[in-house]
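Structure below is data.csv: CSV, C-alpha atoms and all ligand atoms.
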```csv
chain,number,residue,atom,x,y,z
P,100,MET,CA,0.0,0.0,0.0
P,101,ARG,CA,1.4,3.3,-1.0
P,102,ILE,CA,0.5,6.7,0.5
P,103,GLU,CA,-0.1,8.9,-2.5
P,104,THR,CA,0.2,12.7,-2.6
P,105,CYS,CA,-2.5,15.1,-3.7
P,106,TYR,CA,-1.9,16.7,-7.1
P,107,PHE,CA,-3.2,20.0,-6.0
P,108,CYS,CA,-2.2,20.5,-2.3
P,109,SER,CA,0.5,17.8,-2.0
P,110,GLY,CA,-1.2,16.4,1.1
P,111,PRO,CA,-1.1,12.6,1.8
P,112,ILE,CA,-3.8,10.4,0.4
P,113,TYR,CA,-4.3,7.2,2.4
P,114,PRO,CA,-5.6,4.0,0.8
P,115,GLY,CA,-9.4,4.1,0.3
P,116,HIS,CA,-9.5,8.0,0.3
P,117,GLY,CA,-9.6,10.7,-2.4
P,118,ILE,CA,-10.5,10.9,-6.0
P,119,VAL,CA,-8.6,9.9,-9.1
P,120,PHE,CA,-9.1,11.7,-12.4
P,121,VAL,CA,-7.6,10.1,-15.5
P,122,ARG,CA,-6.9,12.4,-18.4
P,123,ASN,CA,-7.4,11.6,-22.1
P,124,ASP,CA,-3.6,10.9,-22.4
P,125,SER,CA,-3.9,8.4,-19.4
P,126,LYS,CA,-2.2,10.7,-16.9
P,127,MET,CA,-3.4,10.2,-13.4
P,128,PHE,CA,-4.4,13.1,-11.1
P,129,ARG,CA,-5.0,12.2,-7.5
P,130,PHE,CA,-6.9,14.5,-5.1
P,131,CYS,CA,-7.1,14.2,-1.4
P,132,ARG,CA,-10.6,15.7,-1.1
P,133,SER,CA,-13.3,17.4,-3.2
P,134,LYS,CA,-11.9,20.8,-2.4
P,135,CYS,CA,-8.7,20.0,-4.3
P,136,HIS,CA,-10.7,18.3,-7.1
P,137,ARG,CA,-13.0,21.3,-7.5
P,138,ALA,CA,-10.0,23.7,-7.7
P,139,PHE,CA,-8.4,21.5,-10.3
P,140,LYS,CA,-11.6,21.4,-12.4
P,141,ALA,CA,-11.8,25.2,-12.2
P,142,LYS,CA,-8.3,25.2,-13.7
P,143,LYS,CA,-6.8,27.0,-10.7
P,144,ASN,CA,-3.0,27.2,-10.5
P,145,PRO,CA,-1.8,25.6,-7.3
P,146,ARG,CA,1.2,27.9,-7.2
P,147,LYS,CA,-1.2,30.9,-6.9
P,148,ILE,CA,-3.4,29.5,-4.1
P,149,ARG,CA,-2.2,30.1,-0.6
P,150,TRP,CA,-3.2,26.9,1.1
P,151,THR,CA,-1.2,24.6,-1.2
P,152,LYS,CA,2.3,23.2,-0.7
P,153,ALA,CA,3.3,24.5,-4.1
P,154,TYR,CA,2.5,28.1,-3.1
P,155,ARG,CA,4.5,27.8,0.1
P,156,LYS,CA,7.5,26.4,-1.7
P,157,THR,CA,7.5,28.9,-4.5
P,158,HIS,CA,7.2,31.8,-2.1
P,159,GLY,CA,10.1,30.7,0.1
P,160,LYS,CA,8.0,29.8,3.1
P,161,GLU,CA,9.3,26.2,3.3
P,162,LEU,CA,12.6,24.4,3.1
P,163,VAL,CA,12.9,23.2,-0.5
P,164,THR,CA,16.6,22.6,-1.4
P,165,ASP,CA,18.3,20.5,1.2
P,166,PRO,CA,20.3,17.2,1.0
P,167,ILE,CA,17.9,15.6,3.5
P,168,TYR,CA,15.2,15.4,0.8
P,169,ASP,CA,17.4,13.2,-1.4
P,170,PHE,CA,17.0,10.2,0.9
P,171,GLU,CA,13.4,9.6,0.0
P,172,LYS,CA,13.2,8.5,-3.6
P,173,ILE,CA,11.0,6.1,-5.5
P,174,LYS,CA,13.1,3.4,-7.1
P,175,ASP,CA,11.7,1.1,-9.8
P,176,THR,CA,14.5,-1.5,-9.6
P,177,THR,CA,14.1,-4.1,-6.8
P,178,ILE,CA,17.0,-4.6,-4.5
P,179,LYS,CA,18.3,-8.0,-3.6
P,180,TYR,CA,17.4,-8.9,0.0
P,181,ASP,CA,20.2,-8.1,2.4
P,182,ARG,CA,19.6,-8.2,6.1
P,183,LYS,CA,22.2,-5.5,6.9
P,184,VAL,CA,20.7,-3.0,4.4
P,185,TRP,CA,17.3,-3.7,5.8
P,186,VAL,CA,18.3,-3.1,9.4
P,187,ASP,CA,20.2,0.1,8.4
P,188,THR,CA,17.3,1.6,6.6
P,189,ILE,CA,14.9,0.8,9.4
P,190,GLN,CA,17.2,2.4,11.9
P,191,ALA,CA,17.9,5.4,9.7
P,192,MET,CA,14.3,6.2,9.1
P,193,GLY,CA,13.7,7.6,12.5
P,194,LYS,CA,17.0,9.5,12.5
P,195,ILE,CA,16.3,11.1,9.2
P,196,GLU,CA,12.8,12.1,10.3
P,197,GLU,CA,14.4,13.8,13.4
P,198,LEU,CA,17.0,15.6,11.3
P,199,LYS,CA,14.3,16.8,8.9
P,200,LYS,CA,12.3,18.2,11.8
P,201,LYS,CA,15.3,20.0,13.2
P,202,LYS,CA,16.2,21.6,9.9
P,203,GLU,CA,12.7,22.7,9.2
P,204,ASP,CA,12.4,24.2,12.7
P,205,LYS,CA,15.6,26.1,12.1
P,206,PHE,CA,14.4,27.4,8.8
P,207,PHE,CA,11.1,28.5,10.4
P,208,GLU,CA,13.0,30.4,13.2
P,209,ARG,CA,15.1,32.2,10.6
P,210,ARG,CA,12.0,33.1,8.7
P,211,MET,CA,10.2,34.4,11.8
P,212,LYS,CA,13.2,36.6,12.7
P,213,ARG,CA,12.7,38.5,9.5
P,214,ALA,CA,9.0,38.7,10.2
P,215,GLU,CA,9.7,40.2,13.6
P,216,LYS,CA,11.8,42.9,12.0
P,217,ASP,CA,8.9,43.8,9.7
P,218,LYS,CA,6.6,43.8,12.7
P,219,LYS,CA,8.7,46.3,14.6
P,220,LYS,CA,8.8,48.5,11.5
P,221,GLN,CA,5.1,48.4,11.3
P,222,MET,CA,4.7,49.2,14.9
P,223,LYS,CA,7.0,52.2,14.6
P,224,SER,CA,5.1,53.6,11.6
P,225,ASN,CA,1.8,53.1,13.4
P,226,LEU,CA,3.1,55.0,16.5
P,227,ILE,CA,4.3,57.9,14.3
P,228,LYS,CA,1.1,58.0,12.3
P,229,HIS,CA,-1.1,58.1,15.4
P,230,SER,CA,1.2,60.1,17.7
P,231,VAL,CA,-1.7,62.5,18.5
P,232,LEU,CA,-3.5,59.7,20.4
P,233,ILE,CA,-0.6,59.2,22.9
P,234,SER,CA,-1.6,60.7,26.3
P,235,ASP,CA,1.8,60.4,28.1
P,236,PRO,CA,3.8,63.5,27.2
P,237,LYS,CA,7.2,61.8,27.6
P,238,ILE,CA,6.4,59.0,25.2
P,239,ARG,CA,4.9,61.5,22.8
P,240,GLU,CA,8.1,63.5,22.8
P,241,LYS,CA,10.1,60.4,22.0
P,242,VAL,CA,7.7,59.5,19.2
P,243,GLU,CA,8.0,63.0,17.7
P,244,LYS,CA,11.8,62.8,17.8
P,245,LEU,CA,11.5,59.5,15.9
P,246,LYS,CA,9.1,61.1,13.4
P,247,GLU,CA,11.7,63.9,12.7
P,248,GLU,CA,14.4,61.3,12.2
P,249,GLU,CA,12.2,59.3,9.8
P,250,ASP,CA,11.3,62.5,7.9
P,251,GLU,CA,15.0,63.3,7.4
P,252,LYS,CA,15.7,59.7,6.2
P,253,ARG,CA,12.8,59.9,3.8
P,254,LYS,CA,14.0,63.3,2.4
P,255,LEU,CA,17.5,61.8,1.8
P,256,LYS,CA,15.9,58.9,0.0
P,257,GLU,CA,13.8,61.1,-2.2
P,258,GLU,CA,16.8,63.2,-3.2
P,259,LYS,CA,18.7,60.0,-4.1
P,260,ASN,CA,15.7,58.7,-6.1
P,261,LYS,CA,15.5,62.1,-7.9
P,262,ASN,CA,19.1,61.9,-8.9
P,263,LYS,CA,18.5,58.3,-10.1
P,264,ASN,CA,15.5,59.3,-12.1
P,265,LEU,CA,17.3,62.1,-13.9
P,266,ASN,CA,19.2,59.6,-16.0
P,267,VAL,CA,22.3,61.6,-16.8
P,268,GLY,CA,23.1,59.9,-20.0
P,269,LEU,CA,19.8,60.9,-21.6
P,270,ASN,CA,20.0,64.4,-20.4
P,271,LYS,CA,23.4,64.8,-22.0
P,272,ILE,CA,22.1,63.6,-25.3
P,273,MET,CA,19.2,66.0,-25.1
P,274,ASP,CA,21.6,68.9,-24.3
P,275,ILE,CA,23.8,68.1,-27.2
P,276,GLU,CA,20.8,67.9,-29.6
P,277,TYR,CA,19.5,71.2,-28.3
P,278,ASN,CA,22.9,72.8,-28.8
P,279,ILE,CA,23.2,71.4,-32.3
P,280,LYS,CA,19.7,72.8,-33.2
P,281,GLU,CA,20.6,76.3,-31.8
P,282,GLU,CA,23.9,76.3,-33.8
P,283,LYS,CA,22.0,75.4,-36.9
P,284,ASN,CA,19.5,78.2,-36.4
P,285,GLU,CA,22.3,80.7,-35.8
P,286,ASN,CA,24.1,79.5,-38.9
P,287,LYS,CA,20.9,79.9,-41.0
P,288,LYS,CA,20.4,83.4,-39.7
P,289,GLU,CA,24.0,84.3,-40.4
P,290,ASN,CA,23.7,82.8,-43.9
P,291,LYS,CA,20.6,84.7,-44.6
P,292,LYS,CA,22.2,88.0,-43.4
P,293,GLU,CA,25.3,87.3,-45.5
P,294,SER,CA,23.2,86.4,-48.5
P,295,LYS,CA,21.2,89.6,-48.1
P,296,LYS,CA,24.5,91.6,-47.8
P,297,ASP,CA,25.9,89.8,-50.8
P,298,LYS,CA,22.7,90.6,-52.8
P,299,LYS,CA,23.0,94.2,-51.7
P,300,GLU,CA,26.7,94.4,-52.6
P,301,GLY,CA,26.0,92.6,-55.8
P,302,GLN,CA,23.3,95.1,-56.7
P,303,LYS,CA,25.7,97.9,-55.8
P,304,ASN,CA,28.5,96.3,-57.9
P,305,SER,CA,26.2,95.8,-60.7
P,306,GLY,CA,25.0,99.3,-60.3
P,307,ASP,CA,28.6,100.4,-60.4
P,308,LYS,CA,29.3,98.3,-63.4
P,309,ASN,CA,26.3,99.8,-65.2
P,310,GLN,CA,27.5,103.3,-64.2
P,311,ASN,CA,30.9,102.4,-65.4
P,312,LYS,CA,29.5,101.1,-68.7
P,313,LYS,CA,27.5,104.3,-69.0
P,314,SER,CA,30.5,106.4,-68.2
P,315,LYS,CA,32.6,104.4,-70.7
P,316,LYS,CA,29.9,105.0,-73.4
P,317,LYS,CA,29.9,108.6,-72.5
P,318,LYS,CA,33.6,108.7,-72.9
P,319,GLU,CA,33.4,107.1,-76.3
P,401,ZN,ZN,-5.4,18.0,-1.7
```
In structure tokens, write the structure found in this file.
Amino acid sequence: MRIETCYFCSGPIYPGHGIVFVRNDSKMFRFCRSKCHRAFKAKKNPRKIRWTKAYRKTHGKELVTDPIYDFEKIKDTTIKYDRKVWVDTIQAMGKIEELKKKKEDKFFERRMKRAEKDKKKQMKSNLIKHSVLISDPKIREKVEKLKEEEDEKRKLKEEKNKNKNLNVGLNKIMDIEYNIKEEKNENKKENKKESKKDKKEGQKNSGDKNQNKKSKKKKE
């Protein structure tokens, strides 16, 4: 008798329990209860539903990669009977279970330490937010000091973010483009002025030439 695991929540399915669904391509899906079966029929993704093992593993809430999980593996080949191996495995089972529990507990403690930090942060922000409600003047002073410190920190952060958002590289390119445009405009204006001057001078010259021609004619 084998204890199967639920396809949806990865819970144990003891003999005589649960539902089996066989797909068109003969793949077996086992479910521990109707809740899991219903969720499967509704095409829910177990990684996105909070009460499943898959969700907890993908979101770093449980130990996933550890050499202790390599012990338990299904083997298709049958092993030749050996009394020593048999005794060793039976004795090891309890020890491995103990080790597993210890490791999981340690992981849980580490996770909860981080959670405590977040909790403290939350409490701090709550105190600052509702500092008006504090009746004890001494505590209120402390909280107001905290508030000032937090404000300063926030301002510093905002300034840093502003500098980040400016994106110096882009700005430089924009500046260069702007300068090039201005230069072009100035060049155009100068060219126009020069061309106007040229035209005027040309007219003058031509006028001079005409006059010269006239004077020449007169001389003749
Ligand atoms: Zn299940």
Taking all atoms listed in the file into account, which residues are within 8 Å of ligand ZN 401 (chain P), as a count of residues only? 15
So how far away is CA of Leu245 (chain P) from CA of Ala214 (chain P), in Å?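 Interatomic distance, CA of Ala214 (chain P) to CA of Leu245 (chain P): 21.7 Å.
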May I have the residues within 12 Å of His158 (chain P) as a PyMOL selection string, using all atoms listed in the file and disregarding those fewer than 6 positions away in the same chain? chain P and resi 146-152+210
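Between CA of Ile167 (chain P) and CA of Pro114 (chain P) lies a distance of 26.3 Å.
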Contact residues around Arg101 (chain P) with only C-alpha atoms at 9 Å, ignoring same-chain residues under 2 positions, as a PDB file with C-alpha atoms, in the coordinates of the input:
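Output file around.pdb follows:
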```
ATOM      1  CA  GLU P 103      -0.100   8.900  -2.500  1.00  0.00           C
ATOM      2  CA  ILE P 112      -3.800  10.400   0.400  1.00  0.00           C
ATOM      3  CA  TYR P 113      -4.300   7.200   2.400  1.00  0.00           C
ATOM      4  CA  PRO P 114      -5.600   4.000   0.800  1.00  0.00           C
TER       5      PRO P 114
END
```
Pick from P:Glu281, P:Met273, P:Phe170, P:Asp250 nearest to Lys194 (chain P), counting all atoms listed in the file: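 So, comparing all the options, the nearest one is P:Phe170.
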P:Lys263, P:Lys216, P:Lys287, P:Lys223: which is nearest Lys246 (chain P), counting all atoms listed in the file?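 Looking at the shortest contact to Lys246 (chain P), the residue is P:Lys223.
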Could you state the separation of CA of Phe206 (chain P) and CA of Lys160 (chain P) in Å, given to one decimal place?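 We find that CA of Phe206 (chain P) and CA of Lys160 (chain P) lie 8.9 Å from each other.
Residue nearest Asp165 (chain P) within the list P:Leu198, P:Val186, P:Met127, P:Asp181: P:Leu198 [criterion: smallest interatomic distance, all atoms listed in the file].
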Please, which residues are within 12 Å of (1.1, 58.6, 14.0) by the file's coordinates, counting only C-alpha atoms, and could they come as a list of chain:residue names? P:Gln221, P:Met222, P:Lys223, P:Ser224, P:Asn225, P:Leu226, P:Ile227, P:Lys228, P:His229, P:Ser230, P:Val231, P:Leu232, P:Ile233, P:Arg239, P:Val242, P:Glu243, P:Leu245, P:Lys246, P:Glu247, P:Glu249
Dump C-alpha atoms for the selected residues as a PDB file, in the coordinates of the input?
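Below you can see selection_29.pdb, which holds the result:
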```pdb
ATOM      1  CA  GLN P 221       5.100  48.400  11.300  1.00  0.00           C
ATOM      2  CA  MET P 222       4.700  49.200  14.900  1.00  0.00           C
ATOM      3  CA  LYS P 223       7.000  52.200  14.600  1.00  0.00           C
ATOM      4  CA  SER P 224       5.100  53.600  11.600  1.00  0.00           C
ATOM      5  CA  ASN P 225       1.800  53.100  13.400  1.00  0.00           C
ATOM      6  CA  LEU P 226       3.100  55.000  16.500  1.00  0.00           C
ATOM      7  CA  ILE P 227       4.300  57.900  14.300  1.00  0.00           C
ATOM      8  CA  LYS P 228       1.100  58.000  12.300  1.00  0.00           C
ATOM      9  CA  HIS P 229      -1.100  58.100  15.400  1.00  0.00           C
ATOM     10  CA  SER P 230       1.200  60.100  17.700  1.00  0.00           C
ATOM     11  CA  VAL P 231      -1.700  62.500  18.500  1.00  0.00           C
ATOM     12  CA  LEU P 232      -3.500  59.700  20.400  1.00  0.00           C
ATOM     13  CA  ILE P 233      -0.600  59.200  22.900  1.00  0.00           C
ATOM     14  CA  ARG P 239       4.900  61.500  22.800  1.00  0.00           C
ATOM     15  CA  VAL P 242       7.700  59.500  19.200  1.00  0.00           C
ATOM     16  CA  GLU P 243       8.000  63.000  17.700  1.00  0.00           C
ATOM     17  CA  LEU P 245      11.500  59.500  15.900  1.00  0.00           C
ATOM     18  CA  LYS P 246       9.100  61.100  13.400  1.00  0.00           C
ATOM     19  CA  GLU P 247      11.700  63.900  12.700  1.00  0.00           C
ATOM     20  CA  GLU P 249      12.200  59.300   9.800  1.00  0.00           C
TER      21      GLU P 249
END
```
